[in-house]
Amino acid sequence: MLDRLDHALRSRPERPAVLTAARSGAPRVRATRGELAELGDAFAAALHARGLRAGDTVGVAVRPGPRALAVLLALWRLGLRGAVLDPGAGPDVLRARLALARPSLVLADATAQAVAGWARPLARRARLALPDLAELGPVATVGPRLPGCAPALDLAASRAGVPVHRDDDGAGDAVIVFTSGTTSRPRAVVHSRAGLAAGMATVAALFDAQPGRPVLGGTFFVLVPALTGGAPVALPARTPRVLARQLHRLRPQDTYLTPPQLRDALGAGARFHGRVWTGSAPASAALLERVREAGADQAWGVYALTELFPAAAVEAREKAAFEGPGDLVGAPLPGVVAKPGADGELLLAGEAARHRYLGEEPDPWVRTGDRARLDPAGRIVLEGRCKDMVLRRAENIYPGLYEPALHVPGVELALLVGVPAGEGDERLVAVVQPDRGVDEPALRSALSGPLHRMGAARPDALLFARIPLTGRSRKPDRAATSALAAQRLGPTA
């Protein structure tokens with residue numbers, strides 16, 4: 001599909017490709033289709049001139065938008081492997097992750113470099129944190145360069161002789177996305193070129209964007225299929241009020257927002273149009289019905305994982321009509337195979353599934369971490385989580401990645417647990433058991449640094465308490481600790 005996108009952009013170069021919104025909600029053209037194609041060519045030539053060749057790894061810390069999409073097109077053209085650097089992961093975790101896939105080059109915009117440098121104290125308030133990017137590999141600036149930034153990519157590099165990578169079987173690596181594991185053994189999802197293309201094709205078939213009519217959404221899995229189909233894509237406004245105005249002015253044929261974004265938009269009085277899609281976190285039947293009542297023709301919940309996107313989808317009316325126990329997420333999409341494992345964990349397979357975890361052998365079955373069953377119609381019904389994960393505002397947070405940082409001197413035990421916060425959302429709480437006789441104010445001060453370095457996983461609350469234990473091995477009891485935290489915090493905390 002990325003090959004088709006490149007061709008599609010050049011066939012209608014004058015048309016808008018990426019839109020943003022003014023404070024009034026009025027659309028602004030951020031880039032035309034021709035400008036996107038031109039920028040992709042320039043990035044490809046610059047990367048080739050720096051000596052990067054097919055199979056090399058490039059770290060990417062660029063905000064979603066035209067430049068990020070042009071980087072993706074350049075990496076695809078050259079057969080390079082992109083490693084997504086998430087500024088919400090925190091510097092300690094990011095260093096551990098990149099040890100698995102040392103990049104030949106890190107591409108970063110000025111904002112990412114500011115988060116890693118002079119703006120670090122401000123960025124922490126937004127739960128963003130990056131290590132010094134130069135620790136990860138050579139750095140080049142994408143977009144406007146500010147004082148203190150790394151040298152910019154040479155966008156005037158010769159385009160003569162820049163190859164177009166051919167991978168007929170699609171077996172080459174396309175992208176690495178880091179997910180769960182621990183700081184000592186992080187896990188990285190590797191998608192092949194064929195798998196990435198299959199996932200995008202599934203999305204394209206799911207919402208079938210019509211040429212010329214705008215789509216609202218900010219992820220690559222929305223941008224690429226929509227632009228390939230000839231539709232301009234509007235990046236969602238960051239504030240709920242402006243987002244509500246943007247929806248009113250734009251009247252998109254399709255809208256993709258996370259459940260927290262939907263709730264915020266509804267709270268700002270947003271009206272919807274066409275089809276609305278939501279994922280990355282549980283979407284209740286009540287939330288989908290609210291979206292329909294706010295004007296949407298259809299409201300869909302999408303079940304997806306980093307390892308397989310998308311896997312299933314369900315429309316509001318079908319979800320509302322479901323009366324059995326559990327959370328109906330819909331029938332597996334074409335090409336997706338689902339089955340419960342022996343322990344009840346949902347297993348998925350399909351062309352769009354990740355190829356492997358970095359450093360591990362390929363496995364056709366994705367272990368989702370969700371307990372599930374298939375109903376008589378073959379639809380997936382979730383019944384809870386199998387593994388530790390906290391879901392806060394559509395962010396997957398794996399405690400094992402961050403708990404080691406809590407074990408500063410004076411801490412006997414420490415857990416990160418989720419506390420229900422309504423509509424499938426959770427608060428993240430650090431529960432710390434001090435060593436006997438340790439002064440709690442001093443311990444709170446000692447923990448401030450590690451907590452700040454957690455980025456998007458920084459807890460909403462820090463509690464000092466004795467952590468419940470369970471079983472013969474006297475392991476920390478996460479469920480009981482979560483209940484303890486909920487009791488201590490209260491419903492309005």
# chains A, B, ... in the order shown; residues from 1 in each chain; ligands from 1
call {"tool": "select_by_dssp", "arguments": {"residues": "region 82-278 of chain A", "states": "helix (DSSP H, G or I)", "output": "JSON, numbers by chain"}}
result
{"A": [91, 92, 93, 94, 95, 96, 97, 98, 110, 111, 112, 113, 114, 115, 116, 120, 121, 122, 123, 124, 125, 133, 134, 135, 193, 194, 195, 196, 197, 198, 199, 200, 201, 202, 203, 204, 205, 206, 207, 220, 221, 222, 223, 224, 225, 226, 227, 228, 240, 241, 242, 243, 244, 245, 246, 247, 248, 249, 250, 259, 260, 261, 262, 263, 264, 265, 266, 267]}
call {"tool": "write_last_selection", "arguments": {"atoms": "C-alpha atoms", "output": "PDB file, in the first residue's frame"}}
result
ATOM      1  CA  PRO A  91      14.550   7.539  29.304  1.00  0.00           C
ATOM      2  CA  ASP A  92      15.570   4.489  31.341  1.00  0.00           C
ATOM      3  CA  VAL A  93      13.179   2.194  29.481  1.00  0.00           C
ATOM      4  CA  LEU A  94      14.088   3.716  26.115  1.00  0.00           C
ATOM      5  CA  ARG A  95      17.807   3.114  26.673  1.00  0.00           C
ATOM      6  CA  ALA A  96      17.102  -0.521  27.533  1.00  0.00           C
ATOM      7  CA  ARG A  97      14.908  -0.943  24.468  1.00  0.00           C
ATOM      8  CA  LEU A  98      17.389   0.565  22.032  1.00  0.00           C
ATOM      9  CA  ALA A 110      13.186  19.943  17.338  1.00  0.00           C
ATOM     10  CA  THR A 111      10.433  19.130  19.838  1.00  0.00           C
ATOM     11  CA  ALA A 112      11.829  15.665  20.566  1.00  0.00           C
ATOM     12  CA  GLN A 113      15.303  17.110  21.013  1.00  0.00           C
ATOM     13  CA  ALA A 114      13.950  19.761  23.357  1.00  0.00           C
ATOM     14  CA  VAL A 115      12.240  17.050  25.424  1.00  0.00           C
ATOM     15  CA  ALA A 116      15.629  15.324  25.660  1.00  0.00           C
ATOM     16  CA  ARG A 120      13.158  18.422  29.976  1.00  0.00           C
ATOM     17  CA  PRO A 121      11.676  20.007  33.152  1.00  0.00           C
ATOM     18  CA  LEU A 122       8.667  21.351  31.199  1.00  0.00           C
ATOM     19  CA  ALA A 123       8.217  18.100  29.285  1.00  0.00           C
ATOM     20  CA  ARG A 124       7.991  16.114  32.514  1.00  0.00           C
ATOM     21  CA  ARG A 125       4.733  17.906  33.311  1.00  0.00           C
ATOM     22  CA  LEU A 133      19.448  11.152  21.917  1.00  0.00           C
ATOM     23  CA  ALA A 134      23.164  11.137  21.084  1.00  0.00           C
ATOM     24  CA  GLU A 135      23.492   8.229  23.534  1.00  0.00           C
ATOM     25  CA  ARG A 193       6.906  -5.250   5.119  1.00  0.00           C
ATOM     26  CA  ALA A 194       4.247  -7.787   4.109  1.00  0.00           C
ATOM     27  CA  GLY A 195       2.589  -7.696   7.539  1.00  0.00           C
ATOM     28  CA  LEU A 196       2.514  -3.891   7.659  1.00  0.00           C
ATOM     29  CA  ALA A 197       0.990  -3.769   4.186  1.00  0.00           C
ATOM     30  CA  ALA A 198      -1.621  -6.376   5.146  1.00  0.00           C
ATOM     31  CA  GLY A 199      -2.673  -4.398   8.229  1.00  0.00           C
ATOM     32  CA  MET A 200      -3.087  -1.218   6.221  1.00  0.00           C
ATOM     33  CA  ALA A 201      -5.060  -3.088   3.558  1.00  0.00           C
ATOM     34  CA  THR A 202      -7.427  -4.401   6.247  1.00  0.00           C
ATOM     35  CA  VAL A 203      -8.009  -0.865   7.516  1.00  0.00           C
ATOM     36  CA  ALA A 204      -8.599   0.373   3.973  1.00  0.00           C
ATOM     37  CA  ALA A 205     -11.227  -2.302   3.420  1.00  0.00           C
ATOM     38  CA  LEU A 206     -12.805  -1.577   6.809  1.00  0.00           C
ATOM     39  CA  PHE A 207     -13.579   2.094   6.307  1.00  0.00           C
ATOM     40  CA  PHE A 220      -0.376   5.948  10.235  1.00  0.00           C
ATOM     41  CA  PHE A 221      -3.063   3.269   9.946  1.00  0.00           C
ATOM     42  CA  VAL A 222      -5.537   6.071   9.197  1.00  0.00           C
ATOM     43  CA  LEU A 223      -3.262   8.386   7.188  1.00  0.00           C
ATOM     44  CA  VAL A 224      -1.913   5.836   4.715  1.00  0.00           C
ATOM     45  CA  PRO A 225      -5.174   4.125   3.596  1.00  0.00           C
ATOM     46  CA  ALA A 226      -7.098   7.416   3.482  1.00  0.00           C
ATOM     47  CA  LEU A 227      -4.472   9.242   1.423  1.00  0.00           C
ATOM     48  CA  THR A 228      -4.072   6.240  -0.858  1.00  0.00           C
ATOM     49  CA  PRO A 240     -11.608  19.308  23.227  1.00  0.00           C
ATOM     50  CA  ARG A 241     -13.224  22.657  22.392  1.00  0.00           C
ATOM     51  CA  VAL A 242     -11.207  23.132  19.206  1.00  0.00           C
ATOM     52  CA  LEU A 243     -11.765  19.471  18.313  1.00  0.00           C
ATOM     53  CA  ALA A 244     -15.536  20.003  18.645  1.00  0.00           C
ATOM     54  CA  ARG A 245     -15.314  23.036  16.339  1.00  0.00           C
ATOM     55  CA  GLN A 246     -13.107  21.095  13.922  1.00  0.00           C
ATOM     56  CA  LEU A 247     -15.675  18.288  13.671  1.00  0.00           C
ATOM     57  CA  HIS A 248     -18.422  20.847  13.027  1.00  0.00           C
ATOM     58  CA  ARG A 249     -16.487  22.619  10.258  1.00  0.00           C
ATOM     59  CA  LEU A 250     -14.979  19.537   8.633  1.00  0.00           C
ATOM     60  CA  PRO A 259     -12.086   6.619  23.862  1.00  0.00           C
ATOM     61  CA  PRO A 260     -10.580   9.374  26.065  1.00  0.00           C
ATOM     62  CA  GLN A 261     -10.626  11.759  23.085  1.00  0.00           C
ATOM     63  CA  LEU A 262     -14.255  10.828  22.395  1.00  0.00           C
ATOM     64  CA  ARG A 263     -15.272  11.439  26.001  1.00  0.00           C
ATOM     65  CA  ASP A 264     -13.492  14.801  26.037  1.00  0.00           C
ATOM     66  CA  ALA A 265     -15.075  15.810  22.722  1.00  0.00           C
ATOM     67  CA  LEU A 266     -18.550  14.804  23.915  1.00  0.00           C
ATOM     68  CA  GLY A 267     -17.966  16.813  27.079  1.00  0.00           C
TER      69      GLY A 267
END
call {"tool": "residues_around", "arguments": {"residues": "region 477-492 of chain A", "least_positions_apart": "6", "cutoff": "6 Å", "atoms": "only C-alpha atoms", "output": "ChimeraX atom specification"}}
result
/A:417,419,468-470
call {"tool": "write_last_selection", "arguments": {"atoms": "C-alpha atoms", "output": "compact mmCIF listing (two decimals), in the first residue's frame"}}
result
# COMPACT_ATOMS: atom_id res chain seq x y z
CA VAL A 417 -1.21 -1.20 40.02
CA VAL A 419 -7.35 1.34 40.06
CA PRO A 468 -0.42 -8.00 50.56
CA LEU A 469 1.23 -11.33 49.74
CA THR A 470 -0.29 -14.53 48.39
call {"tool": "residues_around", "arguments": {"residues": "Ser104 (chain A)", "least_positions_apart": "4", "cutoff": "10 Å", "atoms": "only C-alpha atoms", "output": "list in words"}}
result
Gly51, Leu52, Arg53, Asp56, Thr57, Val58, Gly59, Leu136, Gly137, Pro138 and Val139 of chain A
call {"tool": "select_by_dssp", "arguments": {"residues": "region 4-84 of chain A", "states": "strand (DSSP E)", "output": "list of chain:residue names"}}
result
A:Pro16, A:Ala17, A:Val18, A:Leu19, A:Thr20, A:Ala21, A:Pro27, A:Arg28, A:Val29, A:Arg30, A:Ala31, A:Thr32, A:Thr57, A:Val58, A:Gly59, A:Val60, A:Ala61, A:Arg81, A:Gly82, A:Ala83, A:Val84
call {"tool": "residues_around", "arguments": {"residues": "Glu440 (chain A)", "least_positions_apart": "6", "cutoff": "10 Å", "atoms": "only C-alpha atoms", "output": "list in words"}}
result
Gly410, Gln433, Pro434, Ala446 and Phe464 of chain A
call {"tool": "closest_residue", "arguments": {"among": "A:Pro310, A:Gly326, A:Pro409, A:Pro282", "to": "Glu423 (chain A)", "atoms": "only C-alpha atoms"}}
result
A:Pro282
call {"tool": "atom_distance", "arguments": {"atom1": "CA of Pro13 (chain A)", "atom2": "CA of Phe309 (chain A)"}}
result
29.4 Å
call {"tool": "closest_residue", "arguments": {"among": "A:His407, A:Lys475, A:Arg356, A:Arg102", "to": "Leu451 (chain A)", "atoms": "only C-alpha atoms"}}
result
A:His407
call {"tool": "atom_distance", "arguments": {"atom1": "CA of Gln210 (chain A)", "atom2": "CA of Val314 (chain A)"}}
result
21.3 Å
